[in-house]
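Following: one structure in structure tokens, then a few remarks.
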Amino acid sequence: MTERKSCFAPVADARTRVLILGSLPGEASLAAARYYANPRNQFWRLVGAVIEVDLVAQDYDQRLESLLAYHVGLWDSIGSATRAGSLDTAIRDVAPNALANLAASLPQLHCIAFNGAKSASIGAPQLVGAGDFDVLRLPSSSPAHAALTFEAKLAEWTKLRKFLD
């Protein structure tokens with residue numbers, strides 16, 4: 001039987017300018033109760049390169065503090081769903097998060113960025129007309145998304161910098 005899995009609480013505050021939305025935490029993340037806990041996931045390397053901080057070298061709590069210090073927030077498009085394993089293609093019975101509500105609570109929000117196609121397909125429709133911010137669809141940081149090199153992904157993720165200055 002496939003069990004129902006839930007996301008973590010959002011990491012954001014009133015200074016958040018960029019909100020990055022994943023789809024739903026994978027097995028390694030759920031087991032560790034931490035965002036992007038799979039060491040093969042490139043999220044921390046990508047965001048670290050964007051803000052020019054070595055997030056990989058930091059412990060988890062420091063990573064979250066660094067994100068907030070650089071005005072980056074983190075959450076998921078999916079509040080809960082059923083899924084066997086960690087692949088986004090296996091996600092079923094989706095209950096989306098209230099993304100428009102979170103966006104409305106962030107007075108400095110300039111951009112919402114989706115980490116991968118699944119996150120965008122669930123989250124983007126909820127944000128139509130939800131506020132005065134840009135929406136970016138970024139290539140997934142997941143190890144399952146191996147069609148692009150790290151450098152190619154980073155070229156897209158670097159677009160976040162203009163919203164942080």
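Convention: chains lettered A, B, ... in structure tokens order; per-chain residue numbering from 1; ligands numbered from 1 as shown.
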
As a list in words, list the residues of range 67-153 of chain A assigned to strand (DSSP E) by DSSP on the backbone atoms of this structure. Val72, Gly73, Leu74, Trp75, Asp76, Ile78, Gly79, Ser80, Ala81, Thr82, Arg92, Asp93, Val94, Ala95, Pro96, Cys111, Ile112, Ala113, Phe114, Asn115, Asp134, Val135, Leu136, Arg137 and Leu138 of chain A

Could the residues in this selection be written to a file with N, CA and C atoms, as a PDB file, in the first residue's frame?
```pdb
ATOM      1  N   VAL A  72      15.729  34.277   0.689  1.00  0.00           N
ATOM      2  CA  VAL A  72      15.215  33.134  -0.068  1.00  0.00           C
ATOM      3  C   VAL A  72      14.332  32.300   0.856  1.00  0.00           C
ATOM      4  N   GLY A  73      13.124  31.994   0.376  1.00  0.00           N
ATOM      5  CA  GLY A  73      12.206  31.129   1.110  1.00  0.00           C
ATOM      6  C   GLY A  73      12.091  29.784   0.423  1.00  0.00           C
ATOM      7  N   LEU A  74      11.505  28.837   1.135  1.00  0.00           N
ATOM      8  CA  LEU A  74      11.459  27.462   0.653  1.00  0.00           C
ATOM      9  C   LEU A  74      10.156  26.810   1.102  1.00  0.00           C
ATOM     10  N   TRP A  75       9.518  26.102   0.182  1.00  0.00           N
ATOM     11  CA  TRP A  75       8.320  25.328   0.510  1.00  0.00           C
ATOM     12  C   TRP A  75       8.072  24.359  -0.625  1.00  0.00           C
ATOM     13  N   ASP A  76       6.893  23.745  -0.627  1.00  0.00           N
ATOM     14  CA  ASP A  76       6.506  22.797  -1.672  1.00  0.00           C
ATOM     15  C   ASP A  76       5.134  23.147  -2.229  1.00  0.00           C
ATOM     16  N   ILE A  78       3.035  20.892  -3.179  1.00  0.00           N
ATOM     17  CA  ILE A  78       2.128  19.837  -2.735  1.00  0.00           C
ATOM     18  C   ILE A  78       2.148  19.754  -1.214  1.00  0.00           C
ATOM     19  N   GLY A  79       0.972  19.850  -0.618  1.00  0.00           N
ATOM     20  CA  GLY A  79       0.856  19.708   0.829  1.00  0.00           C
ATOM     21  C   GLY A  79       0.943  18.261   1.250  1.00  0.00           C
ATOM     22  N   SER A  80       0.235  17.405   0.512  1.00  0.00           N
ATOM     23  CA  SER A  80       0.309  15.963   0.754  1.00  0.00           C
ATOM     24  C   SER A  80      -0.130  15.234  -0.504  1.00  0.00           C
ATOM     25  N   ALA A  81       0.301  13.987  -0.592  1.00  0.00           N
ATOM     26  CA  ALA A  81      -0.032  13.146  -1.742  1.00  0.00           C
ATOM     27  C   ALA A  81       0.351  11.714  -1.408  1.00  0.00           C
ATOM     28  N   THR A  82      -0.111  10.787  -2.230  1.00  0.00           N
ATOM     29  CA  THR A  82       0.381   9.421  -2.113  1.00  0.00           C
ATOM     30  C   THR A  82       1.489   9.245  -3.143  1.00  0.00           C
ATOM     31  N   ARG A  92       0.465  10.846  -6.677  1.00  0.00           N
ATOM     32  CA  ARG A  92      -0.968  10.696  -6.954  1.00  0.00           C
ATOM     33  C   ARG A  92      -1.768  11.360  -5.834  1.00  0.00           C
ATOM     34  N   ASP A  93      -3.054  11.592  -6.110  1.00  0.00           N
ATOM     35  CA  ASP A  93      -3.987  12.070  -5.086  1.00  0.00           C
ATOM     36  C   ASP A  93      -3.441  13.300  -4.367  1.00  0.00           C
ATOM     37  N   VAL A  94      -3.162  14.344  -5.138  1.00  0.00           N
ATOM     38  CA  VAL A  94      -2.497  15.546  -4.638  1.00  0.00           C
ATOM     39  C   VAL A  94      -3.452  16.471  -3.891  1.00  0.00           C
ATOM     40  N   ALA A  95      -2.993  16.924  -2.740  1.00  0.00           N
ATOM     41  CA  ALA A  95      -3.628  18.028  -2.011  1.00  0.00           C
ATOM     42  C   ALA A  95      -2.620  19.174  -2.042  1.00  0.00           C
ATOM     43  N   PRO A  96      -2.874  20.211  -2.851  1.00  0.00           N
ATOM     44  CA  PRO A  96      -1.889  21.285  -2.971  1.00  0.00           C
ATOM     45  C   PRO A  96      -1.806  22.153  -1.717  1.00  0.00           C
ATOM     46  N   CYS A 111       9.565  37.039  -6.619  1.00  0.00           N
ATOM     47  CA  CYS A 111       9.592  35.908  -7.540  1.00  0.00           C
ATOM     48  C   CYS A 111       9.239  34.614  -6.823  1.00  0.00           C
ATOM     49  N   ILE A 112       8.442  33.795  -7.487  1.00  0.00           N
ATOM     50  CA  ILE A 112       8.234  32.417  -7.058  1.00  0.00           C
ATOM     51  C   ILE A 112       8.862  31.543  -8.130  1.00  0.00           C
ATOM     52  N   ALA A 113       9.744  30.659  -7.699  1.00  0.00           N
ATOM     53  CA  ALA A 113      10.469  29.787  -8.620  1.00  0.00           C
ATOM     54  C   ALA A 113      10.102  28.336  -8.333  1.00  0.00           C
ATOM     55  N   PHE A 114       9.735  27.625  -9.367  1.00  0.00           N
ATOM     56  CA  PHE A 114       9.386  26.216  -9.235  1.00  0.00           C
ATOM     57  C   PHE A 114      10.598  25.354  -9.543  1.00  0.00           C
ATOM     58  N   ASN A 115      10.937  24.477  -8.610  1.00  0.00           N
ATOM     59  CA  ASN A 115      12.043  23.545  -8.765  1.00  0.00           C
ATOM     60  C   ASN A 115      11.497  22.295  -9.456  1.00  0.00           C
ATOM     61  N   ASP A 134       7.082  37.761 -10.205  1.00  0.00           N
ATOM     62  CA  ASP A 134       7.412  36.950 -11.371  1.00  0.00           C
ATOM     63  C   ASP A 134       7.340  35.479 -10.993  1.00  0.00           C
ATOM     64  N   VAL A 135       7.149  34.648 -11.997  1.00  0.00           N
ATOM     65  CA  VAL A 135       7.137  33.202 -11.807  1.00  0.00           C
ATOM     66  C   VAL A 135       8.181  32.601 -12.744  1.00  0.00           C
ATOM     67  N   LEU A 136       9.080  31.795 -12.170  1.00  0.00           N
ATOM     68  CA  LEU A 136      10.097  31.108 -12.965  1.00  0.00           C
ATOM     69  C   LEU A 136       9.924  29.606 -12.821  1.00  0.00           C
ATOM     70  N   ARG A 137      10.147  28.902 -13.905  1.00  0.00           N
ATOM     71  CA  ARG A 137      10.158  27.440 -13.879  1.00  0.00           C
ATOM     72  C   ARG A 137      11.592  27.008 -14.113  1.00  0.00           C
ATOM     73  N   LEU A 138      12.182  26.445 -13.076  1.00  0.00           N
ATOM     74  CA  LEU A 138      13.589  26.050 -13.123  1.00  0.00           C
ATOM     75  C   LEU A 138      13.723  24.554 -13.363  1.00  0.00           C
TER      76      LEU A 138
END
```

List the neighbours of range 152-160 of chain A out to 9 Å using only C-alpha atoms; skip same-chain residues closer than 2 positions along the sequence, and give me the result as a list in words. Val18, Leu46, Val47, Ala49, Val50, Ile51, Cys111, Ala113, Leu136, Arg137, Leu138, Pro139, Ser140, Ser141, Leu148, Thr149, Phe150, Lys162, Phe163 and Leu164 of chain A

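Among the candidates A:Arg63, A:Arg34, A:Arg83, A:Arg17, the one nearest to Ser105 in chain A when counting only C-alpha atoms is A:Arg17.
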
Contact residues around Leu109 in chain A with only C-alpha atoms at 8 Å, ignoring same-chain residues under 6 positions, as a ChimeraX atom specification: /A:15-19,103,133

Written selection (C-alpha atoms) as a short mmCIF file (atom, residue, chain, number, x, y, z; two decimals), in the first residue's frame:
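Contents of selection33.cif, freshly written:
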```cif
data_model
loop_
_atom_site.label_atom_id
_atom_site.label_comp_id
_atom_site.auth_asym_id
_atom_site.auth_seq_id
_atom_site.Cartn_x
_atom_site.Cartn_y
_atom_site.Cartn_z
CA ARG A 15 11.99 39.73 4.08
CA THR A 16 11.59 36.84 1.60
CA ARG A 17 12.06 38.06 -1.97
CA VAL A 18 12.35 34.70 -3.73
CA LEU A 19 10.25 31.68 -2.79
CA ALA A 103 2.57 34.62 -1.23
CA PHE A 133 5.63 38.78 -8.59
#
```

Please identify the alpha helix (DSSP H) residues within chain A (assignment by DSSP from backbone atoms) and present them as a PyMOL selection string. chain A and resi 27-32+43-51+60-69+99-104+117-123+150-157+161-164

Point-to-point distance in Å for CA of Pro125 in chain A and CA of Ala104 in chain A: 15.5 Å

Pick out the residues sitting within 12 Å of Asn101 in chain A, and hand them over as JSON, numbers by chain; count only C-alpha atoms, and ignore anything fewer than 2 positions along from it in its own chain. {"A": [10, 96, 97, 98, 99, 103, 104, 105, 106, 107, 126, 127, 130, 131]}
